[in-house]
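Please read the structure below before turning to the comments.
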Amino acid sequence: MAKAGKRARAIAETVDANKAYTVADAVALVKSNAKAKFDETVEIAVNLGVDPKYADQMVRGVVNLPAGTGKDVRVAVFAKDAKAEEATAAGADFVGAEDLMEKIQGGFMDFDRVIASPDMMAVVGRLGKVLGPRGLMPNPKVGTVTPNVAQAVKDAKSGSVEFRVEKAGIIHAGIGKASFAEDDMAKNVSAFLDALVKARPSGAKGTFVRKISLSSTMGAGVTIDTAEISQ
């Protein structure tokens with residue numbers, strides 16, 4: 001524990017808490033501080049000027065990260081017949097209908113994304129209390145309710161990331177691994193922020209993006225200058 005505390009202090013000392021860094025400098029700093037024995041996930045946290053309890057201030061969307069996420073995304077698909085075959089061929093990990101619903105009701109949760117063809121939403125809707133709180137409920141706004149289930153599976157597998165604002169007005173997302181090249185990680189950061197700005201809701205007034213922080217699993221948060229994005 002003492003060694004871990006010493007390492008954390010050493011990492012914190014490399015970051016100027018009063019400075020807002022460019023995307024490139026923030027990425028370089030986060031990567032240099034990712035010294036764990038595993039490939040740390042790089043996460044972004046964004047404080048938004050919204051109150052998500054109001055429907056016109058809810059922020060959610062999806063972004064395809066240019067360099068992917070570095071994570072093996074497990075995809076469950078609700079589909080039947082030809083659509084089920086398409087999903088399986090596209091690489092879905094679990095495909096089913098009422099049988100998959102019953103499996104999930106029984107406690108099965110070994111997946112990271114849920115996709116559904118529109119005709120299956122009556123079945124999926126019965127899982128609202130299970131999937132909803134985990135942010136896994138399929139939604140047409142982020143492309144997870146779609147007749148093109150094969151493309152949705154491919155997007156999920158190749159690096160699409162869903163984002164949704166939390167109660168405190170903050171969005172968190174994993175956007176890559178510390179082993180990524182700096183240029184690839186910077187592209188992912190920029191793509192995520194661009195998608196976030198485009199998802200600005202009609203009810204958001206004043207400054208939309210208030211603070212951006214980048215960190216690795218075991219590293220200190222590095223503040224990114226909001227001037228790096230167009231609001």
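Residues in the structure tokens are named by chain (A, B, ... in the order shown) and by number from 1 within that chain; ligands are numbered from 1 in the order shown.
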So which residues touch Lys167 (chain A) within 9 Å, counting only C-alpha atoms, skipping near sequence neighbours fewer than 6 positions away, as a list in words?
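Selected residues are Asp51, Pro52 and Lys53 of chain A.
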Atoms kept (C-alpha atoms) for selection, written as a PDB file, in the first residue's frame:
```
ATOM      1  CA  ASP A  51     -29.541  19.430 -15.688  1.00  0.00           C
ATOM      2  CA  PRO A  52     -30.552  16.025 -17.087  1.00  0.00           C
ATOM      3  CA  LYS A  53     -33.684  15.815 -14.944  1.00  0.00           C
TER       4      LYS A  53
END
```
Leu100 (chain A) environment, 10 Å, only C-alpha atoms, sequence neighbours closer than 2 positions dropped, as a PDB file with N, CA, C and O atoms, in the first residue's frame:
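Saved the output as around_32.pdb:
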```
ATOM      1  N   ALA A  76     -25.014  -8.389 -27.415  1.00  0.00           N
ATOM      2  CA  ALA A  76     -26.219  -9.215 -27.401  1.00  0.00           C
ATOM      3  C   ALA A  76     -27.238  -8.597 -28.351  1.00  0.00           C
ATOM      4  O   ALA A  76     -27.450  -7.380 -28.323  1.00  0.00           O
ATOM      5  N   VAL A  77     -27.835  -9.427 -29.182  1.00  0.00           N
ATOM      6  CA  VAL A  77     -28.777  -8.920 -30.183  1.00  0.00           C
ATOM      7  C   VAL A  77     -30.117  -9.630 -30.065  1.00  0.00           C
ATOM      8  O   VAL A  77     -30.190 -10.867 -30.008  1.00  0.00           O
ATOM      9  N   PHE A  78     -31.180  -8.820 -30.042  1.00  0.00           N
ATOM     10  CA  PHE A  78     -32.535  -9.360 -30.072  1.00  0.00           C
ATOM     11  C   PHE A  78     -33.025  -9.312 -31.517  1.00  0.00           C
ATOM     12  O   PHE A  78     -33.238  -8.226 -32.078  1.00  0.00           O
ATOM     13  N   ALA A  79     -33.152 -10.471 -32.125  1.00  0.00           N
ATOM     14  CA  ALA A  79     -33.593 -10.550 -33.512  1.00  0.00           C
ATOM     15  C   ALA A  79     -34.075 -11.963 -33.808  1.00  0.00           C
ATOM     16  O   ALA A  79     -33.740 -12.912 -33.093  1.00  0.00           O
ATOM     17  N   PHE A  94     -24.194 -12.980 -28.633  1.00  0.00           N
ATOM     18  CA  PHE A  94     -25.415 -13.650 -28.190  1.00  0.00           C
ATOM     19  C   PHE A  94     -26.581 -13.139 -29.032  1.00  0.00           C
ATOM     20  O   PHE A  94     -26.748 -11.922 -29.175  1.00  0.00           O
ATOM     21  N   VAL A  95     -27.347 -14.045 -29.589  1.00  0.00           N
ATOM     22  CA  VAL A  95     -28.486 -13.664 -30.432  1.00  0.00           C
ATOM     23  C   VAL A  95     -29.700 -14.483 -30.007  1.00  0.00           C
ATOM     24  O   VAL A  95     -29.610 -15.700 -29.811  1.00  0.00           O
ATOM     25  N   GLY A  96     -30.837 -13.799 -29.866  1.00  0.00           N
ATOM     26  CA  GLY A  96     -32.037 -14.523 -29.480  1.00  0.00           C
ATOM     27  C   GLY A  96     -33.242 -13.615 -29.442  1.00  0.00           C
ATOM     28  O   GLY A  96     -33.184 -12.448 -29.853  1.00  0.00           O
ATOM     29  N   ALA A  97     -34.338 -14.135 -28.922  1.00  0.00           N
ATOM     30  CA  ALA A  97     -35.583 -13.373 -28.810  1.00  0.00           C
ATOM     31  C   ALA A  97     -36.136 -13.585 -27.400  1.00  0.00           C
ATOM     32  O   ALA A  97     -35.499 -13.183 -26.431  1.00  0.00           O
ATOM     33  N   GLU A  98     -37.282 -14.261 -27.300  1.00  0.00           N
ATOM     34  CA  GLU A  98     -37.845 -14.528 -25.972  1.00  0.00           C
ATOM     35  C   GLU A  98     -36.888 -15.358 -25.112  1.00  0.00           C
ATOM     36  O   GLU A  98     -36.806 -15.169 -23.888  1.00  0.00           O
ATOM     37  N   GLU A 102     -35.520 -14.289 -21.409  1.00  0.00           N
ATOM     38  CA  GLU A 102     -35.652 -15.116 -20.207  1.00  0.00           C
ATOM     39  C   GLU A 102     -34.298 -15.375 -19.557  1.00  0.00           C
ATOM     40  O   GLU A 102     -34.181 -15.415 -18.331  1.00  0.00           O
ATOM     41  N   LYS A 103     -33.279 -15.513 -20.385  1.00  0.00           N
ATOM     42  CA  LYS A 103     -31.930 -15.741 -19.872  1.00  0.00           C
ATOM     43  C   LYS A 103     -31.458 -14.523 -19.069  1.00  0.00           C
ATOM     44  O   LYS A 103     -30.868 -14.654 -17.995  1.00  0.00           O
ATOM     45  N   ILE A 104     -31.728 -13.327 -19.599  1.00  0.00           N
ATOM     46  CA  ILE A 104     -31.341 -12.090 -18.914  1.00  0.00           C
ATOM     47  C   ILE A 104     -32.164 -11.909 -17.628  1.00  0.00           C
ATOM     48  O   ILE A 104     -31.636 -11.498 -16.594  1.00  0.00           O
ATOM     49  N   GLN A 105     -33.455 -12.225 -17.698  1.00  0.00           N
ATOM     50  CA  GLN A 105     -34.289 -12.151 -16.493  1.00  0.00           C
ATOM     51  C   GLN A 105     -33.763 -13.084 -15.408  1.00  0.00           C
ATOM     52  O   GLN A 105     -33.932 -12.830 -14.216  1.00  0.00           O
ATOM     53  N   GLY A 106     -33.080 -14.141 -15.834  1.00  0.00           N
ATOM     54  CA  GLY A 106     -32.526 -15.103 -14.893  1.00  0.00           C
ATOM     55  C   GLY A 106     -31.171 -14.701 -14.332  1.00  0.00           C
ATOM     56  O   GLY A 106     -30.571 -15.433 -13.540  1.00  0.00           O
ATOM     57  N   PHE A 108     -28.425 -13.421 -16.399  1.00  0.00           N
ATOM     58  CA  PHE A 108     -27.343 -13.391 -17.374  1.00  0.00           C
ATOM     59  C   PHE A 108     -27.059 -11.952 -17.806  1.00  0.00           C
ATOM     60  O   PHE A 108     -27.950 -11.257 -18.287  1.00  0.00           O
ATOM     61  N   VAL A 123     -40.520  -7.257 -26.748  1.00  0.00           N
ATOM     62  CA  VAL A 123     -39.842  -8.234 -25.892  1.00  0.00           C
ATOM     63  C   VAL A 123     -38.791  -7.544 -25.027  1.00  0.00           C
ATOM     64  O   VAL A 123     -38.729  -7.744 -23.809  1.00  0.00           O
ATOM     65  N   VAL A 124     -37.978  -6.704 -25.667  1.00  0.00           N
ATOM     66  CA  VAL A 124     -36.900  -6.009 -24.949  1.00  0.00           C
ATOM     67  C   VAL A 124     -37.466  -5.085 -23.881  1.00  0.00           C
ATOM     68  O   VAL A 124     -36.883  -4.924 -22.801  1.00  0.00           O
TER      69      VAL A 124
END
```
Residues of region 85-198 of chain A in strand (DSSP E) according to DSSP, as a ChimeraX atom specification?
/A:94-96,113-116,160-164,170-177
Do a neighbour search on Glu166 (chain A) at 10 Å with only C-alpha atoms, toss out local chain neighbours closer than 3 positions, and write the hits as number ranges by chain.
A: 47-48, 51-53, 58-60, 163, 169-172
Using the selection just defined, write its residues with C-alpha atoms as a PDB file, in the first residue's frame.
```
ATOM      1  CA  ASN A  47     -18.748  18.322 -16.927  1.00  0.00           C
ATOM      2  CA  LEU A  48     -21.665  19.777 -18.871  1.00  0.00           C
ATOM      3  CA  ASP A  51     -29.541  19.430 -15.688  1.00  0.00           C
ATOM      4  CA  PRO A  52     -30.552  16.025 -17.087  1.00  0.00           C
ATOM      5  CA  LYS A  53     -33.684  15.815 -14.944  1.00  0.00           C
ATOM      6  CA  MET A  58     -30.706  15.152 -21.668  1.00  0.00           C
ATOM      7  CA  VAL A  59     -27.491  14.402 -23.534  1.00  0.00           C
ATOM      8  CA  ARG A  60     -26.895  11.045 -25.175  1.00  0.00           C
ATOM      9  CA  PHE A 163     -22.480   8.177 -23.994  1.00  0.00           C
ATOM     10  CA  GLY A 169     -24.322  16.596 -15.462  1.00  0.00           C
ATOM     11  CA  ILE A 170     -21.170  14.541 -16.099  1.00  0.00           C
ATOM     12  CA  ILE A 171     -20.373  12.156 -18.942  1.00  0.00           C
ATOM     13  CA  HIS A 172     -17.797   9.380 -18.521  1.00  0.00           C
TER      14      HIS A 172
END
```
Within 12 Å of region 80-91 of chain A, counting only C-alpha atoms, which residues qualify if same-chain residues fewer than 5 places away don't, as JSON, numbers by chain?
{"A": [72, 73, 74, 75, 96, 97, 98, 99, 100, 114, 115, 116, 117, 118, 119, 120, 121, 123, 146, 147, 148, 149, 150, 151, 152, 153, 154, 155, 156, 157, 158]}
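If only C-alpha atoms are the atoms counted, then among A:Ala92, A:Ala67, A:Leu196, A:Ala227 the closest residue to Glu182 (chain A) is A:Ala67.
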Enumerate the residues of region 1-81 of chain A with a DSSP assignment of alpha helix (DSSP H), computed from the backbone, and present them as an mmCIF file with N, CA, C and O atoms, in the first residue's frame.
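part38.cif, freshly written:
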```
data_model
loop_
_atom_site.group_PDB
_atom_site.id
_atom_site.type_symbol
_atom_site.label_atom_id
_atom_site.label_comp_id
_atom_site.auth_asym_id
_atom_site.auth_seq_id
_atom_site.Cartn_x
_atom_site.Cartn_y
_atom_site.Cartn_z
ATOM 1 N N ALA A 2 1.955 1.225 0.788
ATOM 2 C CA ALA A 2 2.834 2.389 0.857
ATOM 3 C C ALA A 2 3.457 2.673 -0.496
ATOM 4 O O ALA A 2 3.565 3.827 -0.920
ATOM 5 N N LYS A 3 3.843 1.576 -1.195
ATOM 6 C CA LYS A 3 4.448 1.742 -2.506
ATOM 7 C C LYS A 3 3.442 2.336 -3.497
ATOM 8 O O LYS A 3 3.779 3.196 -4.303
ATOM 9 N N ALA A 4 2.173 1.868 -3.412
ATOM 10 C CA ALA A 4 1.126 2.382 -4.292
ATOM 11 C C ALA A 4 0.877 3.859 -4.020
ATOM 12 O O ALA A 4 0.697 4.662 -4.941
ATOM 13 N N GLY A 5 0.874 4.240 -2.733
ATOM 14 C CA GLY A 5 0.663 5.641 -2.383
ATOM 15 C C GLY A 5 1.794 6.520 -2.880
ATOM 16 O O GLY A 5 1.562 7.639 -3.362
ATOM 17 N N LYS A 6 3.001 6.016 -2.799
ATOM 18 C CA LYS A 6 4.169 6.760 -3.275
ATOM 19 C C LYS A 6 4.103 6.956 -4.783
ATOM 20 O O LYS A 6 4.399 8.037 -5.297
ATOM 21 N N ARG A 7 3.674 5.903 -5.489
ATOM 22 C CA ARG A 7 3.551 5.992 -6.942
ATOM 23 C C ARG A 7 2.472 7.002 -7.325
ATOM 24 O O ARG A 7 2.647 7.798 -8.257
ATOM 25 N N ALA A 8 1.348 6.991 -6.593
ATOM 26 C CA ALA A 8 0.261 7.923 -6.885
ATOM 27 C C ALA A 8 0.703 9.369 -6.679
ATOM 28 O O ALA A 8 0.370 10.258 -7.468
ATOM 29 N N ARG A 9 1.484 9.597 -5.615
ATOM 30 C CA ARG A 9 1.980 10.956 -5.357
ATOM 31 C C ARG A 9 2.948 11.400 -6.455
ATOM 32 O O ARG A 9 2.924 12.558 -6.894
ATOM 33 N N ALA A 10 3.782 10.475 -6.894
ATOM 34 C CA ALA A 10 4.749 10.801 -7.940
ATOM 35 C C ALA A 10 4.041 11.171 -9.246
ATOM 36 O O ALA A 10 4.437 12.113 -9.941
ATOM 37 N N ILE A 11 2.962 10.436 -9.555
ATOM 38 C CA ILE A 11 2.189 10.736 -10.766
ATOM 39 C C ILE A 11 1.504 12.092 -10.641
ATOM 40 O O ILE A 11 1.522 12.908 -11.561
ATOM 41 N N ALA A 12 0.907 12.333 -9.469
ATOM 42 C CA ALA A 12 0.195 13.602 -9.251
ATOM 43 C C ALA A 12 1.127 14.802 -9.399
ATOM 44 O O ALA A 12 0.715 15.869 -9.869
ATOM 45 N N VAL A 23 -5.110 18.943 -26.144
ATOM 46 C CA VAL A 23 -5.417 17.520 -26.259
ATOM 47 C C VAL A 23 -4.130 16.715 -26.406
ATOM 48 O O VAL A 23 -3.918 15.703 -25.729
ATOM 49 N N ALA A 24 -3.238 17.187 -27.271
ATOM 50 C CA ALA A 24 -1.987 16.469 -27.526
ATOM 51 C C ALA A 24 -1.136 16.352 -26.263
ATOM 52 O O ALA A 24 -0.599 15.280 -25.949
ATOM 53 N N ASP A 25 -1.015 17.446 -25.515
ATOM 54 C CA ASP A 25 -0.202 17.432 -24.295
ATOM 55 C C ASP A 25 -0.851 16.585 -23.202
ATOM 56 O O ASP A 25 -0.167 15.885 -22.444
ATOM 57 N N ALA A 26 -2.184 16.644 -23.119
ATOM 58 C CA ALA A 26 -2.893 15.845 -22.117
ATOM 59 C C ALA A 26 -2.716 14.354 -22.398
ATOM 60 O O ALA A 26 -2.461 13.561 -21.486
ATOM 61 N N VAL A 27 -2.828 13.979 -23.657
ATOM 62 C CA VAL A 27 -2.652 12.577 -24.047
ATOM 63 C C VAL A 27 -1.246 12.105 -23.709
ATOM 64 O O VAL A 27 -1.050 11.024 -23.138
ATOM 65 N N ALA A 28 -0.243 12.921 -24.040
ATOM 66 C CA ALA A 28 1.152 12.554 -23.772
ATOM 67 C C ALA A 28 1.386 12.367 -22.270
ATOM 68 O O ALA A 28 2.078 11.427 -21.845
ATOM 69 N N LEU A 29 0.800 13.245 -21.472
ATOM 70 C CA LEU A 29 0.982 13.183 -20.024
ATOM 71 C C LEU A 29 0.291 11.955 -19.427
ATOM 72 O O LEU A 29 0.857 11.253 -18.579
ATOM 73 N N VAL A 30 -0.930 11.680 -19.876
ATOM 74 C CA VAL A 30 -1.664 10.514 -19.387
ATOM 75 C C VAL A 30 -0.929 9.232 -19.753
ATOM 76 O O VAL A 30 -0.783 8.319 -18.929
ATOM 77 N N LYS A 31 -0.433 9.161 -20.975
ATOM 78 C CA LYS A 31 0.296 7.959 -21.409
ATOM 79 C C LYS A 31 1.589 7.764 -20.608
ATOM 80 O O LYS A 31 1.917 6.653 -20.195
ATOM 81 N N SER A 32 2.300 8.846 -20.368
ATOM 82 C CA SER A 32 3.574 8.730 -19.651
ATOM 83 C C SER A 32 3.371 8.313 -18.196
ATOM 84 O O SER A 32 4.269 7.744 -17.573
ATOM 85 N N ASN A 33 2.186 8.604 -17.647
ATOM 86 C CA ASN A 33 1.898 8.263 -16.250
ATOM 87 C C ASN A 33 1.213 6.907 -16.088
ATOM 88 O O ASN A 33 0.967 6.464 -14.962
ATOM 89 N N ASP A 81 -35.081 -14.916 -37.104
ATOM 90 C CA ASP A 81 -34.995 -15.369 -38.488
ATOM 91 C C ASP A 81 -33.795 -14.770 -39.233
ATOM 92 O O ASP A 81 -32.677 -14.869 -38.755
#
```
